[in-house]
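Shown here: structure11.csv, CSV, C-alpha atoms.
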```csv
chain,number,residue,atom,x,y,z
A,6,MET,CA,70.6,-77.6,85.9
A,7,THR,CA,71.4,-73.9,86.5
A,8,THR,CA,75.1,-74.7,86.7
A,9,LEU,CA,75.0,-76.5,83.3
A,10,LYS,CA,73.3,-73.6,81.8
A,11,GLY,CA,75.5,-71.1,83.5
A,12,LYS,CA,78.8,-72.5,82.2
A,13,PRO,CA,78.3,-71.9,78.5
A,14,ALA,CA,77.0,-68.4,79.3
A,15,PHE,CA,80.1,-67.6,81.3
A,16,ARG,CA,82.3,-68.9,78.4
A,17,ARG,CA,80.4,-66.8,75.9
A,18,LEU,CA,80.9,-63.8,78.2
A,19,LEU,CA,84.6,-64.5,78.5
A,20,VAL,CA,84.9,-64.8,74.7
A,21,LEU,CA,83.0,-61.5,74.2
A,22,ALA,CA,85.2,-59.7,76.7
A,23,SER,CA,88.4,-61.0,75.3
A,24,THR,CA,87.2,-60.1,71.7
A,25,ALA,CA,86.4,-56.6,72.9
A,26,LEU,CA,89.7,-56.2,74.6
A,27,GLY,CA,91.5,-57.5,71.5
A,28,LEU,CA,89.6,-55.0,69.3
A,29,VAL,CA,90.5,-52.1,71.6
A,30,ALA,CA,94.2,-53.2,71.7
A,31,ALA,CA,94.2,-53.6,67.9
A,32,SER,CA,92.7,-50.2,67.3
A,33,VAL,CA,95.2,-48.6,69.6
A,34,ALA,CA,98.1,-50.3,67.8
A,35,LEU,CA,96.7,-49.4,64.4
A,36,ALA,CA,96.2,-45.8,65.5
A,37,ALA,CA,99.9,-45.3,66.2
A,38,PRO,CA,100.9,-45.0,62.5
A,39,ALA,CA,98.4,-42.1,62.2
A,40,SER,CA,100.9,-39.9,64.1
A,41,ALA,CA,103.7,-40.9,61.9
A,42,ASP,CA,105.7,-38.5,59.7
A,43,VAL,CA,104.4,-37.5,56.3
A,44,PRO,CA,105.3,-40.3,53.7
A,45,GLU,CA,108.2,-39.6,51.5
A,46,PHE,CA,106.5,-38.8,48.3
A,47,TRP,CA,103.7,-36.7,49.7
A,48,PRO,CA,103.9,-33.0,49.4
A,49,GLU,CA,105.1,-31.2,52.5
A,50,PRO,CA,102.2,-29.4,54.1
A,51,ASP,CA,102.5,-25.6,54.6
A,52,ASP,CA,103.1,-24.4,58.2
A,53,VAL,CA,99.9,-23.4,59.9
A,54,ASP,CA,99.8,-19.8,61.0
A,55,PRO,CA,99.1,-19.9,64.8
A,56,LEU,CA,96.9,-16.8,64.5
A,57,HIS,CA,94.9,-18.4,61.7
A,58,ALA,CA,94.5,-21.6,63.7
A,59,LEU,CA,93.5,-19.6,66.8
A,60,LEU,CA,90.9,-17.7,64.8
A,61,LEU,CA,89.6,-20.8,63.2
A,62,LEU,CA,89.5,-23.0,66.3
A,63,GLY,CA,88.5,-20.3,68.8
A,64,GLY,CA,86.7,-17.7,66.7
A,65,VAL,CA,84.3,-19.9,64.9
A,66,PRO,CA,82.9,-21.5,68.1
A,67,LEU,CA,82.8,-18.1,69.7
A,68,LEU,CA,80.9,-16.6,66.8
A,69,LEU,CA,78.5,-19.5,66.9
A,70,PHE,CA,78.0,-18.9,70.6
A,71,VAL,CA,77.3,-15.2,70.0
A,72,VAL,CA,74.8,-16.0,67.2
A,73,ILE,CA,72.9,-18.7,69.2
A,74,THR,CA,72.8,-16.4,72.2
A,75,PHE,CA,71.5,-13.6,70.1
A,76,LEU,CA,68.8,-15.8,68.5
A,77,VAL,CA,67.7,-17.0,71.9
A,78,TYR,CA,67.6,-13.7,73.8
A,79,ALA,CA,66.6,-11.3,71.0
A,80,PRO,CA,62.9,-12.1,71.0
A,81,SER,CA,62.7,-11.5,74.8
A,82,VAL,CA,64.7,-8.3,74.5
A,83,VAL,CA,62.4,-7.0,71.8
A,84,ARG,CA,59.4,-7.8,74.0
A,85,GLY,CA,61.0,-5.8,76.8
A,86,GLU,CA,61.3,-8.7,79.1
A,87,ARG,CA,64.0,-9.0,81.7
A,88,ILE,CA,66.6,-11.7,80.8
A,89,ALA,CA,68.9,-11.6,83.8
A,90,PRO,CA,69.0,-15.2,85.2
A,91,GLY,CA,67.7,-15.6,88.8
A,92,HIS,CA,66.6,-12.0,89.0
A,93,GLN,CA,63.2,-12.2,87.3
A,94,VAL,CA,61.0,-9.5,88.8
A,95,PRO,CA,57.4,-10.5,88.4
A,96,GLU,CA,55.1,-8.3,86.4
A,97,ASN,CA,52.4,-6.5,88.2
A,98,GLN,CA,49.2,-8.4,88.0
A,99,TRP,CA,45.9,-6.8,89.0
A,100,LEU,CA,43.0,-9.2,88.9
A,101,GLY,CA,39.7,-7.5,89.2
A,102,GLY,CA,41.2,-4.0,89.0
A,103,PRO,CA,41.0,-1.2,86.5
A,104,ARG,CA,43.6,-0.9,83.8
A,105,LYS,CA,45.6,1.9,85.2
A,106,SER,CA,49.3,2.6,85.6
A,107,ALA,CA,50.8,3.5,88.9
A,108,GLY,CA,50.9,7.2,87.9
A,109,GLU,CA,47.1,7.3,87.4
A,110,LEU,CA,46.2,5.9,90.8
A,111,ALA,CA,44.2,7.7,93.3
A,112,GLY,CA,45.8,9.2,96.4
A,113,PRO,CA,46.4,7.1,99.6
A,114,ASP,CA,44.0,7.1,102.5
A,115,THR,CA,44.1,9.9,105.0
A,116,ASP,CA,43.7,9.7,108.7
A,117,ASP,CA,39.9,10.2,108.5
A,118,SER,CA,39.6,7.2,106.1
A,119,GLU,CA,37.0,4.6,107.0
A,120,ALA,CA,38.8,1.8,105.3
A,121,GLY,CA,40.1,-1.1,107.3
A,122,GLY,CA,42.1,-4.2,106.8
A,123,ALA,CA,45.3,-5.9,107.9
A,124,SER,CA,48.9,-6.2,107.0
A,125,GLY,CA,51.4,-9.1,107.1
A,126,ARG,CA,54.9,-10.2,106.2
A,127,TRP,CA,56.3,-13.6,105.5
B,18,MET,CA,53.5,-18.5,81.0
B,19,ALA,CA,55.1,-15.3,79.8
B,20,ALA,CA,58.4,-14.4,81.4
B,21,GLY,CA,57.8,-12.4,84.6
B,22,ASP,CA,54.2,-13.4,84.8
B,23,PRO,CA,53.7,-15.0,88.2
B,24,PHE,CA,50.7,-17.0,87.0
B,25,SER,CA,50.1,-19.7,84.4
B,26,ALA,CA,46.9,-19.6,82.4
B,27,SER,CA,45.3,-22.3,84.6
B,28,GLU,CA,46.4,-20.5,87.8
B,29,ARG,CA,44.9,-17.3,86.6
B,30,ALA,CA,41.7,-19.1,85.7
B,31,ALA,CA,41.6,-20.6,89.1
B,32,LEU,CA,42.1,-17.2,90.8
B,33,ASP,CA,39.4,-15.6,88.6
B,34,ALA,CA,37.0,-18.4,89.5
B,35,ALA,CA,37.8,-17.9,93.2
B,36,ILE,CA,37.2,-14.2,92.9
B,37,ARG,CA,33.8,-14.7,91.1
B,38,LYS,CA,32.7,-17.3,93.7
B,39,ALA,CA,33.7,-14.9,96.6
B,40,GLU,CA,31.9,-12.0,95.0
B,41,GLN,CA,28.7,-14.1,94.6
B,42,LEU,CA,29.0,-15.2,98.2
B,43,CYS,CA,29.4,-11.9,100.0
B,44,ARG,CA,28.3,-9.3,97.4
B,45,ALA,CA,31.6,-7.4,97.8
B,46,GLU,CA,34.0,-6.6,95.0
B,47,PHE,CA,37.3,-8.4,95.2
B,48,SER,CA,40.5,-7.2,93.6
B,49,VAL,CA,43.9,-8.9,93.8
B,50,PHE,CA,47.2,-7.1,93.0
B,51,VAL,CA,50.3,-9.2,92.8
B,52,GLY,CA,53.5,-7.2,92.1
B,53,ARG,CA,55.9,-4.6,93.4
B,54,ALA,CA,54.4,-2.0,95.8
B,55,GLU,CA,55.7,1.5,95.0
B,56,GLY,CA,56.7,3.0,98.3
B,57,GLU,CA,55.2,1.9,101.6
B,58,PRO,CA,53.0,-1.2,100.9
B,59,ARG,CA,50.0,0.0,103.0
B,60,GLN,CA,49.9,3.4,101.3
B,61,PHE,CA,50.2,1.8,97.9
B,62,ALA,CA,47.4,-0.6,98.7
B,63,THR,CA,45.1,2.2,99.8
B,64,ARG,CA,45.9,4.0,96.5
B,65,LEU,CA,45.0,0.9,94.6
B,66,HIS,CA,41.8,0.5,96.7
B,67,ASN,CA,40.8,4.1,96.1
B,68,SER,CA,41.2,3.6,92.4
B,69,LEU,CA,38.6,0.9,92.3
B,70,VAL,CA,35.1,1.6,90.9
B,71,ALA,CA,33.4,1.2,94.3
B,72,PRO,CA,36.1,1.4,97.1
B,73,ALA,CA,33.5,1.3,99.9
B,74,ARG,CA,32.2,-2.1,98.7
B,75,SER,CA,35.6,-3.5,97.7
B,76,ILE,CA,38.2,-5.7,99.2
B,77,LEU,CA,41.7,-5.3,97.9
B,78,ILE,CA,44.5,-7.8,98.4
B,79,LEU,CA,48.0,-6.7,97.7
B,80,VAL,CA,50.8,-9.2,97.6
B,81,ASP,CA,54.4,-8.1,97.0
B,82,PRO,CA,56.4,-11.3,96.5
B,83,THR,CA,59.7,-9.3,96.4
B,84,ALA,CA,59.1,-7.4,99.7
B,85,ARG,CA,57.1,-10.5,101.1
B,86,ALA,CA,54.3,-8.2,102.1
B,87,ILE,CA,50.6,-8.7,102.2
B,88,GLU,CA,48.1,-5.9,102.6
B,89,VAL,CA,44.3,-6.2,102.7
B,90,VAL,CA,42.2,-3.1,102.4
B,91,THR,CA,38.5,-3.2,103.1
B,92,GLY,CA,36.0,-0.5,102.3
B,93,ALA,CA,33.7,1.2,104.8
B,94,HIS,CA,30.7,-0.8,103.7
B,95,VAL,CA,32.5,-4.1,103.7
B,96,ARG,CA,33.7,-3.4,107.3
B,97,ARG,CA,30.1,-3.6,108.5
B,98,THR,CA,30.3,-7.4,108.1
B,99,LEU,CA,34.1,-8.0,107.9
B,100,SER,CA,36.0,-6.9,110.9
B,101,ASP,CA,39.7,-6.2,110.9
B,102,GLN,CA,40.3,-9.2,113.2
B,103,GLU,CA,38.7,-11.5,110.6
B,104,VAL,CA,40.9,-9.9,107.9
B,105,GLU,CA,43.9,-10.7,110.1
B,106,LEU,CA,42.9,-14.4,110.2
B,107,ALA,CA,42.8,-14.4,106.4
B,108,VAL,CA,46.2,-12.7,106.3
B,109,ILE,CA,47.7,-15.3,108.6
B,110,ALA,CA,46.4,-18.1,106.4
B,111,MET,CA,47.9,-16.4,103.3
B,112,GLN,CA,51.2,-15.8,105.1
B,113,THR,CA,51.4,-19.5,105.9
B,114,ALA,CA,50.8,-20.6,102.3
B,115,PHE,CA,53.1,-18.0,100.9
B,116,ALA,CA,55.9,-19.0,103.2
B,117,GLU,CA,55.5,-22.5,101.8
B,118,GLY,CA,55.8,-21.1,98.3
B,119,ASP,CA,52.1,-21.6,97.4
B,120,LEU,CA,51.1,-18.2,96.0
B,121,VAL,CA,48.0,-19.2,94.2
B,122,GLY,CA,46.8,-21.6,96.9
B,123,GLY,CA,47.3,-18.9,99.6
B,124,LEU,CA,45.4,-16.3,97.6
B,125,ARG,CA,42.5,-18.7,97.0
B,126,ARG,CA,42.4,-19.6,100.6
B,127,GLY,CA,42.6,-15.9,101.7
B,128,ILE,CA,39.9,-14.9,99.2
B,129,ALA,CA,37.6,-17.7,100.4
B,130,MET,CA,38.1,-16.8,104.1
B,131,LEU,CA,37.5,-13.1,103.5
B,132,ALA,CA,34.3,-13.9,101.5
B,133,ASP,CA,33.1,-16.3,104.2
B,134,HIS,CA,33.6,-13.7,106.9
B,135,ALA,CA,32.2,-10.8,104.8
B,136,ARG,CA,29.0,-12.7,104.0
B,137,PRO,CA,26.0,-10.8,105.4
B,138,PRO,CA,24.3,-12.7,108.3
B,139,GLN,CA,21.4,-14.8,107.2
B,140,LEU,CA,18.2,-13.6,109.0
B,141,LEU,CA,15.9,-16.4,109.8
B,142,HIS,CA,12.3,-15.9,108.7
B,143,ALA,CA,13.2,-12.6,107.1
B,144,GLU,CA,10.9,-13.3,104.2
B,145,ASP,CA,8.0,-14.1,106.6
B,146,ARG,CA,8.5,-10.8,108.4
B,147,ALA,CA,8.6,-8.9,105.1
B,148,GLN,CA,5.3,-10.4,104.1
B,149,ASP,CA,3.8,-9.5,107.5
```

Show the structure stored in the file as structure tokens.
Amino acid sequence: MTTLKGKPAFRRLLVLASTALGLVAASVALAAPASADVPEFWPEPDDVDPLHALLLLGGVPLLLFVVITFLVYAPSVVRGERIAPGHQVPENQWLGGPRKSAGELAGPDTDDSEAGGASGRW
Amino acid sequence: MAAGDPFSASERAALDAAIRKAEQLCRAEFSVFVGRAEGEPRQFATRLHNSLVAPARSILILVDPTARAIEVVTGAHVRRTLSDQEVELAVIAMQTAFAEGDLVGGLRRGIAMLADHARPPQLLHAEDRAQD
């Protein structure tokens, strides 16, 4: 039973594949005239200035790149955040501490300090 | 999470909860500083500790992720119940978690351990004696 069902499916697949191949071949064949010369009665196009072409094809994407980059990074820059990739220095976070900047901190412990604790590195 | 902020809102809430719980448990003030230490980490940690409202009753934990440094400073009053050796145990636990990249988990574990060790000893029948 499976072989009887499998045969028409295989044929259908074969027909589909050959049709797709035919379509691709036809489109390639039909695309060839697109690169043909300008027809006889058509006006001759002006020569393209290489500098103009370079500006149009290179300058416009570059301008778009600059504008998009500006729009993405400008808010972060205005907020004073660091934008260098991979070099993000974490902000100082002091949970349960007074709101003081480093310049307003008290002095360090002296030798007669009674404070204790421990240190570690990882 | 804002750029540069090491904690998300939920992580910050979890740390705040851990600090509150620890303070209720041992009656000491906890303060956690995560950021870049200016100069030598121990000196900077003691400067932070001395800037707290009640340094003698406070425990300060400094974590510098850039320098990979941990400093714990305990006040004179806290040291009556929390020895430096017990602080070292908490520091080792934090080191292990930080080395695995778990900053918040390490801090929570360290805070819990410090609070547990700093808890004043429970005196049996203390109320009975007070009544006598």

Practice item. Enter the distance from atom CA of Leu42 of chain B to atom CA of Thr98 of chain B, in Å, rounded to one decimal. Key: 12.7 Å

Exercise for review: Taking all atoms listed in the file into account, report as a PyMOL selection string which residues of chain B lie within 6 Å of chain A.
Suggested key: chain B and resi 21-23+48-52+60+63-64+67-68+85-93+101+104-105+112+116

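In this comparison, which uses all atoms listed in the file, the residue of B:Ile36, B:Ala26, B:Leu65, B:Val80 approaching Leu120 of chain B most closely is B:Val80.
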
Practice item. Find the residues around Ala35 of chain B up to 12 Å (only C-alpha atoms counted), leave out those fewer than 3 positions away in its own chain, and share them as a PyMOL selection string. Key: (chain A and resi 100-101) or (chain B and resi 28-32+38-42+47-49+121-132)

How about saving the chosen residues, C-alpha atoms kept, as a PDB file, keeping the file's coordinate frame?
```pdb
ATOM      1  CA  LEU A 100      43.000  -9.200  88.900  1.00  0.00           C
ATOM      2  CA  GLY A 101      39.700  -7.500  89.200  1.00  0.00           C
TER       3      GLY A 101
ATOM      4  CA  GLU B  28      46.400 -20.500  87.800  1.00  0.00           C
ATOM      5  CA  ARG B  29      44.900 -17.300  86.600  1.00  0.00           C
ATOM      6  CA  ALA B  30      41.700 -19.100  85.700  1.00  0.00           C
ATOM      7  CA  ALA B  31      41.600 -20.600  89.100  1.00  0.00           C
ATOM      8  CA  LEU B  32      42.100 -17.200  90.800  1.00  0.00           C
ATOM      9  CA  LYS B  38      32.700 -17.300  93.700  1.00  0.00           C
ATOM     10  CA  ALA B  39      33.700 -14.900  96.600  1.00  0.00           C
ATOM     11  CA  GLU B  40      31.900 -12.000  95.000  1.00  0.00           C
ATOM     12  CA  GLN B  41      28.700 -14.100  94.600  1.00  0.00           C
ATOM     13  CA  LEU B  42      29.000 -15.200  98.200  1.00  0.00           C
ATOM     14  CA  PHE B  47      37.300  -8.400  95.200  1.00  0.00           C
ATOM     15  CA  SER B  48      40.500  -7.200  93.600  1.00  0.00           C
ATOM     16  CA  VAL B  49      43.900  -8.900  93.800  1.00  0.00           C
ATOM     17  CA  VAL B 121      48.000 -19.200  94.200  1.00  0.00           C
ATOM     18  CA  GLY B 122      46.800 -21.600  96.900  1.00  0.00           C
ATOM     19  CA  GLY B 123      47.300 -18.900  99.600  1.00  0.00           C
ATOM     20  CA  LEU B 124      45.400 -16.300  97.600  1.00  0.00           C
ATOM     21  CA  ARG B 125      42.500 -18.700  97.000  1.00  0.00           C
ATOM     22  CA  ARG B 126      42.400 -19.600 100.600  1.00  0.00           C
ATOM     23  CA  GLY B 127      42.600 -15.900 101.700  1.00  0.00           C
ATOM     24  CA  ILE B 128      39.900 -14.900  99.200  1.00  0.00           C
ATOM     25  CA  ALA B 129      37.600 -17.700 100.400  1.00  0.00           C
ATOM     26  CA  MET B 130      38.100 -16.800 104.100  1.00  0.00           C
ATOM     27  CA  LEU B 131      37.500 -13.100 103.500  1.00  0.00           C
ATOM     28  CA  ALA B 132      34.300 -13.900 101.500  1.00  0.00           C
TER      29      ALA B 132
END
```

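Here atom CA of Ala110 of chain B and atom CA of His134 of chain B stand 13.5 Å from one another.
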
Give, as JSON, the centre coordinates and the x, y and z edge lengths in Å to one decimal for an axis-aligned box around all listed atoms of segment 17-25 of chain A, padded by 8 Å on each side.
```
{"center_x": 84.4, "center_y": -61.7, "center_z": 75.1, "size_x": 24.0, "size_y": 26.2, "size_z": 22.8}
```
